[in-house]
Each structure stands twice: as C-alpha cells, then as structure tokens.
file entry21.txt (compact mmCIF, C-alpha atoms)
# COMPACT_ATOMS: atom_id res chain seq x y z
CA TYR A 775 119.89 46.55 -190.34
CA ASN A 776 122.04 45.81 -187.29
CA LYS A 777 120.06 42.64 -186.57
CA GLN A 778 120.52 41.47 -190.17
CA LEU A 779 124.26 42.12 -189.96
CA ASN A 780 124.40 40.29 -186.63
CA ARG A 781 122.68 37.22 -188.09
CA TYR A 782 124.93 37.26 -191.16
CA ILE A 783 128.16 37.38 -189.14
CA HIS A 784 126.98 34.62 -186.78
CA LYS A 785 126.17 32.48 -189.82
CA ARG A 786 129.53 33.09 -191.50
CA LEU A 787 131.80 32.68 -188.48
CA LYS A 788 132.28 29.34 -186.78
CA GLU A 789 132.99 30.78 -183.35
CA LYS A 790 130.55 33.08 -181.62
CA PRO A 791 131.58 36.66 -182.50
CA ILE A 792 131.73 39.40 -179.90
CA PHE A 793 129.85 42.51 -180.91
CA THR A 794 130.05 44.91 -178.01
CA THR A 795 130.51 45.33 -174.31
CA PRO A 796 127.73 43.82 -172.16
CA GLN A 797 124.79 45.51 -170.37
CA GLY A 798 125.39 48.99 -171.75
CA CYS A 799 128.75 49.29 -169.98
CA PRO A 800 131.74 51.09 -171.51
CA GLY A 801 134.15 48.16 -171.38
CA PRO A 802 136.88 47.51 -172.16
CA VAL A 803 136.58 43.91 -173.37
CA GLU A 804 139.87 42.20 -174.20
CA VAL A 805 139.78 39.75 -177.12
CA VAL A 806 143.09 37.97 -177.80
CA LEU A 807 142.75 36.65 -181.35
CA SER A 808 146.27 35.27 -181.78
CA ASP A 809 149.84 35.53 -180.54
CA HIS A 810 150.15 38.61 -182.76
CA LEU A 811 146.86 40.43 -182.24
CA VAL A 812 144.63 41.70 -179.45
CA VAL A 813 141.39 43.62 -179.97
CA ILE A 814 140.08 45.95 -177.26
CA LEU A 815 136.35 46.65 -177.55
CA VAL A 816 134.94 49.83 -176.02
CA ASP A 817 131.46 51.27 -176.12
CA ASN A 818 132.28 54.94 -176.56
CA GLN A 819 128.60 55.72 -177.03
CA TRP A 820 128.57 55.36 -173.23
CA TRP A 821 130.88 58.39 -172.95
CA LEU A 822 128.43 60.57 -174.87
CA HIS A 823 125.19 59.26 -173.39
CA PRO A 824 123.30 62.16 -171.74
CA TYR A 825 121.46 60.07 -169.15
CA ASP A 826 122.23 57.28 -166.66
CA ARG A 827 125.68 55.84 -167.43
CA ARG A 828 125.29 52.92 -164.99
CA TYR A 829 128.50 53.68 -163.09
CA LYS A 830 127.74 51.41 -160.14
CA LYS A 831 126.15 48.66 -162.26
CA CYS A 832 129.27 48.62 -164.42
CA GLY A 833 131.58 48.52 -161.40
CA ILE A 834 133.32 51.83 -162.07
CA GLU A 835 133.65 55.04 -160.11
CA ASP A 836 134.61 57.42 -162.95
CA VAL A 837 136.10 57.49 -166.45
CA GLY A 838 139.57 57.18 -164.96
CA ASP A 839 138.81 53.55 -164.11
CA ILE A 840 138.12 52.80 -167.78
CA ALA A 841 141.36 54.44 -168.87
CA VAL A 842 143.34 52.42 -166.33
CA ASP A 843 141.76 49.15 -167.55
CA ILE A 844 142.56 49.95 -171.20
CA GLN A 845 146.10 50.92 -170.31
CA ASP A 846 146.56 47.66 -168.41
CA ILE A 847 145.43 45.61 -171.44
CA MET A 848 147.75 47.55 -173.75
CA ARG A 849 150.76 47.11 -171.50
CA ARG A 850 150.16 43.39 -171.02
CA ASN A 851 149.93 42.96 -174.80
CA ALA A 852 152.73 45.32 -175.80
CA ASP A 853 154.30 42.56 -177.94
CA LYS A 854 151.15 42.31 -180.11
CA SER A 855 149.39 44.51 -182.64
CA ILE A 856 146.71 46.40 -180.70
CA LEU A 857 143.37 47.31 -182.23
CA LEU A 858 141.16 49.58 -180.14
CA ALA A 859 137.66 49.45 -181.61
CA GLY A 860 134.82 51.85 -180.83
CA TYR A 861 131.79 53.08 -182.74
CA HIS A 862 132.58 56.80 -182.78
CA PRO A 863 135.74 58.09 -184.55
CA LEU A 864 138.34 60.00 -182.56
CA SER A 865 139.51 61.98 -185.58
CA ASN A 866 137.92 62.09 -189.01
CA TYR A 867 137.39 64.07 -192.20
CA GLY A 868 133.61 63.68 -192.39
CA ASN A 869 130.70 65.80 -191.19
CA SER A 870 131.17 64.92 -187.51
CA GLY A 871 134.80 66.03 -187.83
CA GLY A 872 133.74 69.47 -189.08
CA TYR A 873 134.21 68.86 -192.82
CA PHE A 874 131.39 69.59 -195.29
CA SER A 875 130.95 69.70 -199.05
CA PHE A 876 130.53 73.03 -200.82
CA GLY A 877 126.82 72.33 -201.18
CA GLN A 878 126.45 71.52 -197.48
CA SER A 879 128.43 74.60 -196.46
CA THR A 880 126.23 76.93 -198.53
CA ALA A 881 122.78 75.39 -198.30
CA LEU A 882 123.15 74.45 -194.63
CA ALA A 883 125.50 77.22 -193.54
CA PRO A 884 124.12 77.81 -190.01
CA VAL A 885 124.06 74.08 -189.23
CA SER A 886 127.46 73.28 -190.74
CA LEU A 887 129.11 76.23 -188.96
CA TYR A 888 127.54 75.26 -185.65
CA ARG A 889 128.68 71.64 -186.00
CA LYS A 890 132.20 72.71 -186.98
CA PHE A 891 132.83 75.13 -184.12
CA PHE A 892 130.41 74.10 -181.33
CA GLY A 893 129.08 70.68 -182.27
CA GLY A 894 126.19 68.46 -181.48
CA ARG A 895 126.66 65.60 -179.05
CA TYR A 896 128.23 63.36 -181.70
CA ASP A 897 130.53 65.95 -183.27
CA ASN A 898 134.26 66.19 -182.55
CA SER A 899 133.91 69.82 -181.41
CA PHE A 900 131.37 69.00 -178.68
CA PRO A 901 132.98 69.42 -175.22
CA GLU A 902 132.20 65.90 -173.95
CA TYR A 903 133.36 64.44 -177.26
CA LYS A 904 136.64 66.37 -176.98
CA ALA A 905 137.17 65.03 -173.47
CA MET A 906 136.61 61.46 -174.67
CA VAL A 907 139.04 61.92 -177.57
CA GLU A 908 141.76 63.25 -175.27
CA VAL A 909 141.60 60.14 -173.09
CA PHE A 910 141.66 57.63 -175.94
CA GLU A 911 144.35 59.41 -177.96
CA ALA A 912 146.63 59.64 -174.92
CA LEU A 913 146.28 55.88 -174.44
CA LEU A 914 146.87 55.08 -178.12
CA LYS A 915 150.04 57.16 -178.28
CA GLU A 916 151.55 54.99 -175.56
CA SER A 917 151.34 51.91 -177.80
CA SER A 918 153.68 51.59 -180.79
CA GLY A 919 151.70 51.28 -184.03
CA ALA A 920 148.30 51.11 -182.35
CA ILE A 921 145.22 51.09 -184.58
CA TYR A 922 141.86 52.71 -183.83
CA LEU A 923 138.82 51.31 -185.66
CA SER A 924 135.45 53.08 -185.94
CA GLY A 925 132.30 52.88 -188.03
CA ALA A 926 130.02 55.81 -187.22
CA GLU A 927 130.92 57.85 -190.31
CA ASN A 928 129.23 56.44 -193.43
CA ASN A 929 132.41 56.48 -195.52
CA LEU A 930 135.88 54.96 -195.72
CA GLN A 931 138.84 56.67 -194.09
CA TYR A 932 142.46 55.69 -193.46
CA PHE A 933 145.16 58.00 -192.14
CA VAL A 934 148.01 58.12 -189.63
CA LYS A 935 148.32 60.83 -186.99
CA ASP A 936 150.93 60.98 -184.23
CA SER A 937 152.00 57.39 -185.08
CA VAL A 938 148.43 56.11 -184.51
CA VAL A 939 146.59 54.48 -187.43
CA TYR A 940 142.94 55.55 -187.81
CA ILE A 941 140.52 53.49 -189.88
CA ASN A 942 136.80 54.15 -190.35
CA SER A 943 134.75 51.63 -192.30
CA GLY A 944 131.09 52.56 -192.02
CA SER A 945 129.71 52.69 -195.55
CA LEU A 946 128.42 49.15 -195.97
CA SER A 947 124.91 50.42 -196.73
CA ASN A 948 124.86 54.23 -196.39
CA ARG A 949 127.14 56.99 -197.64
CA SER A 950 128.12 60.45 -196.44
CA TYR A 951 130.56 63.21 -197.37
CA VAL A 952 134.25 62.88 -196.56
CA LYS A 953 137.04 65.29 -197.49
CA GLU A 954 139.41 63.53 -199.86
CA LYS A 955 143.10 64.29 -199.36
CA LYS A 956 145.99 63.08 -201.46
CA GLU A 957 147.99 61.68 -198.55
CA LEU A 958 144.99 59.79 -197.17
CA PHE A 959 142.46 57.29 -198.42
CA ASN A 960 139.02 58.80 -197.93
CA ARG A 961 136.01 57.82 -200.04
CA LYS A 962 132.26 58.11 -199.84
CA GLY A 963 129.98 55.43 -201.27
CA VAL A 964 128.88 51.91 -200.42
CA ARG A 965 132.21 50.25 -199.69
CA TYR A 966 134.05 48.37 -196.94
CA GLY A 967 137.54 47.80 -195.60
CA ARG A 968 139.52 44.73 -194.55
CA LEU A 969 142.58 44.72 -192.30
CA ASP A 970 144.92 41.72 -192.27
CA ILE A 971 147.37 41.04 -189.44
CA LEU A 972 149.98 38.56 -190.65
CA LYS A 973 152.46 36.43 -188.71
CA ASP A 974 155.46 38.19 -190.21
CA GLY A 975 154.29 41.45 -188.67
CA SER A 976 152.93 43.01 -191.86
CA ARG A 977 149.53 44.69 -191.66
CA PRO A 978 147.94 45.34 -195.08
CA ILE A 979 144.68 47.29 -195.30
CA HIS A 980 142.37 46.83 -198.29
CA PHE A 981 139.28 48.78 -199.35
CA PHE A 982 136.65 47.37 -201.71
CA ASP A 983 133.49 48.36 -203.53
CA GLU A 984 131.05 46.23 -205.52
CA THR A 985 133.49 46.08 -208.46
CA GLY A 986 136.50 44.89 -206.50
CA LYS A 987 139.56 46.25 -204.71
CA LEU A 988 139.94 50.04 -204.65
CA TYR A 989 143.05 50.57 -202.58
CA SER A 990 145.70 48.66 -200.65
CA LYS A 991 148.36 49.87 -198.27
CA ASN A 992 150.80 48.23 -195.87
CA LEU A 993 150.41 49.86 -192.48
CA PRO A 994 153.53 50.70 -190.48
CA HIS A 995 154.93 47.58 -188.79
CA HIS A 996 154.26 47.07 -185.14
CA ASN A 997 157.51 47.46 -183.25
CA PRO A 998 157.15 45.93 -179.80
CA PRO A 999 159.21 47.56 -177.07
CA LYS A 1000 162.51 45.88 -176.43
CA GLN A 1001 162.84 44.23 -173.07
CA GLN A 1002 165.38 45.88 -170.89
CA VAL A 1003 168.29 43.67 -169.90
CA ILE A 1004 169.53 44.44 -166.45
CA LYS A 1005 173.19 43.49 -166.11
CA SER A 1006 174.37 42.52 -162.69
CA THR A 1007 177.67 43.87 -161.47
CA PRO A 1008 179.86 41.26 -159.83
CA THR A 1009 180.91 42.06 -156.33
CA THR A 1010 183.90 40.90 -154.38
CA GLU A 1011 184.00 40.44 -150.72
call {"tool": "encode", "arguments": {"input": "entry21.txt", "output": "structure tokens"}}
result
Amino acid sequence: YNKQLNRYIHKRLKEKPIFTTPQGCPGPVEVVLSDHLVVILVDNQWWLHPYDRRYKKCGIEDVGDIAVDIQDIMRRNADKSILLAGYHPLSNYGNSGGYFSFGQSTALAPVSLYRKFFGGRYDNSFPEYKAMVEVFEALLKESSGAIYLSGAENNLQYFVKDSVVYINSGSLSNRSYVKEKKELFNRKGVRYGRLDILKDGSRPIHFFDETGKLYSKNLPHHNPPKQQVIKSTPTTE
C-alpha cells in the first residue's frame, strides 16, 4: 500500500516529494514550502524503536540533540506557519490514546484496560511514548499556532490543545474507532483531510469522504512574534 501511495504522489506532483527522514534517522528535515509555511519532518517511529537507533550513524548523541535541532528550525521560521509532521500522534481520541468503543471495552476488556493504563509500545500510556510526547509538546508550545500532523490512527481527528493544533488523517484505506466529541471533529471511516495555508494568513482545514466535503474549519491564525525594537538613549558628553 505504501509503495502504491508513493508512486501515486510522485506521479501527481511535479517536484520530487519528500516522504521521510533518510537512513532510518529521526530527523528533523526542514522543508520550506513558501514564505508563509515550513514543514518539519520527523521520524518518531525512531523514538519507539526497541533496537538499534543508529545514534552514531545519524550524528546524534542523545534525544536532546534532536530537540535542539527542531527548536532551531522553529525559531528561525517564527514568522511562518509551522507544521511538525510525524507518523505517531502525540494526543488522540482513538485506541492508541486509550479510547475504545463499548463493544471493544466489553469484549476485549483485559486488552483495552491494559492499553489504556499501561500501554503497548505504540500507545500513549507507554513510558517511552510518554517521554516522546513530552519533548514534542514542549517544543510545539513555544511556537504560536503550531500544527502537528500525524497519520498512525486510521481515522480523522482535529482538535486544539494548549494552543497547538492537532490533525490526524490516517483513514485513506482503513478505519478504526475514534471517540466523537462535539467540540472536535473526529470520524472513523475511509476519509481524508486537506489543510490549506493561504497568503493572507488564513488556514482552513477540510475533511472529505467519497461523497464530498464533510467538514471545514478555519484554524486559528498564526501570529508571528513581534520583533522587539530597542530604542537608543541619546547621550551627551
């Protein structure tokens, strides 16, 4: 499936698209798409990998090096909309986030309870997953109106938490349970999302299924930090 998607995107896009960080390294990879938008690609599967993480081959000593590199990209592009994109969600209302349907909670009670409170390697409650989330969320909160994109959950999710926009669009072919809340857009089913970053600073998000548009919402505007003006005090001799 991934190879088919890869071929399709290469065919549709004129320029060579960038899919992930190279050689199994965690990144980050900085992709400046316009004067208004920068995308930061990270392989957060690397953070959860139980075996060789290729520290030396990737030129890093520890996870702190990755955080510093991401922070540097964000600060250099503070005047742009920043999209941090990784496969695994940092926060979500699906199974990996500890949310299950009534049927799942009853028929699979031991498994669902374990995943909710202890977690497998790819669940939000797993210790290494928690540590990864803490690093990324701390970085995102530093950037006004930052957006985090993920695709591991096979559903559509959009919500805002602590001024950070979270979007998961992973149901292009598969579907999985997601808790639907009134103040959020969460849907299961074969659907996809599209985020537009416009020159006037507006950032509409759209979700579609095979019949057409399901939902649209203008994300909070990106407010770049104002440059500090240092006034000089005249001196007299």
call {"tool": "closest_residue", "arguments": {"input": "entry21.txt", "among": "A:Asn948, A:Gln845, A:Gln778, A:Gln797", "to": "Val909 (chain A)", "atoms": "only C-alpha atoms"}}
result
A:Gln845
call {"tool": "closest_residue", "arguments": {"input": "entry21.txt", "among": "A:Val885, A:Glu804, A:Tyr867, A:His862", "to": "Lys955 (chain A)", "atoms": "only C-alpha atoms"}}
result
A:Tyr867
call {"tool": "closest_atom_pairs", "arguments": {"input": "entry21.txt", "of": "region 784-858 of chain A", "to": "region 967-984 of chain A", "cutoff": "12 Å", "atoms": "all atoms listed in the file", "output": "JSON lines"}}
result
{"residue": "A:Leu807", "atom": "CA", "partner": "A:Ile971", "partner_atom": "CA", "distance": 10.3}
{"residue": "A:Ser808", "atom": "CA", "partner": "A:Lys973", "partner_atom": "CA", "distance": 9.4}
{"residue": "A:Asp809", "atom": "CA", "partner": "A:Lys973", "partner_atom": "CA", "distance": 8.6}
{"residue": "A:His810", "atom": "CA", "partner": "A:Lys973", "partner_atom": "CA", "distance": 6.7}
{"residue": "A:Leu811", "atom": "CA", "partner": "A:Ile971", "partner_atom": "CA", "distance": 7.2}
{"residue": "A:Val812", "atom": "CA", "partner": "A:Ile971", "partner_atom": "CA", "distance": 10.4}
{"residue": "A:Val813", "atom": "CA", "partner": "A:Ile971", "partner_atom": "CA", "distance": 11.5}
{"residue": "A:Asp853", "atom": "CA", "partner": "A:Gly975", "partner_atom": "CA", "distance": 10.8}
{"residue": "A:Lys854", "atom": "CA", "partner": "A:Gly975", "partner_atom": "CA", "distance": 9.2}
{"residue": "A:Ser855", "atom": "CA", "partner": "A:Ile971", "partner_atom": "CA", "distance": 7.9}
{"residue": "A:Ile856", "atom": "CA", "partner": "A:Ile971", "partner_atom": "CA", "distance": 10.3}
{"residue": "A:Leu857", "atom": "CA", "partner": "A:Ile971", "partner_atom": "CA", "distance": 10.4}
call {"tool": "axis_aligned_box", "arguments": {"input": "entry21.txt", "around": "region 839-843 of chain A", "padding_each_side": "3 Å", "output": "lines of an AutoDock Vina configuration file"}}
result
center_x = 140.7
center_y = 51.8
center_z = -166.5
size_x = 11.2
size_y = 11.3
size_z = 10.8
call {"tool": "atom_distance", "arguments": {"input": "entry21.txt", "atom1": "CA of Lys962 (chain A)", "atom2": "CA of Gln931 (chain A)"}}
result
8.9 Å
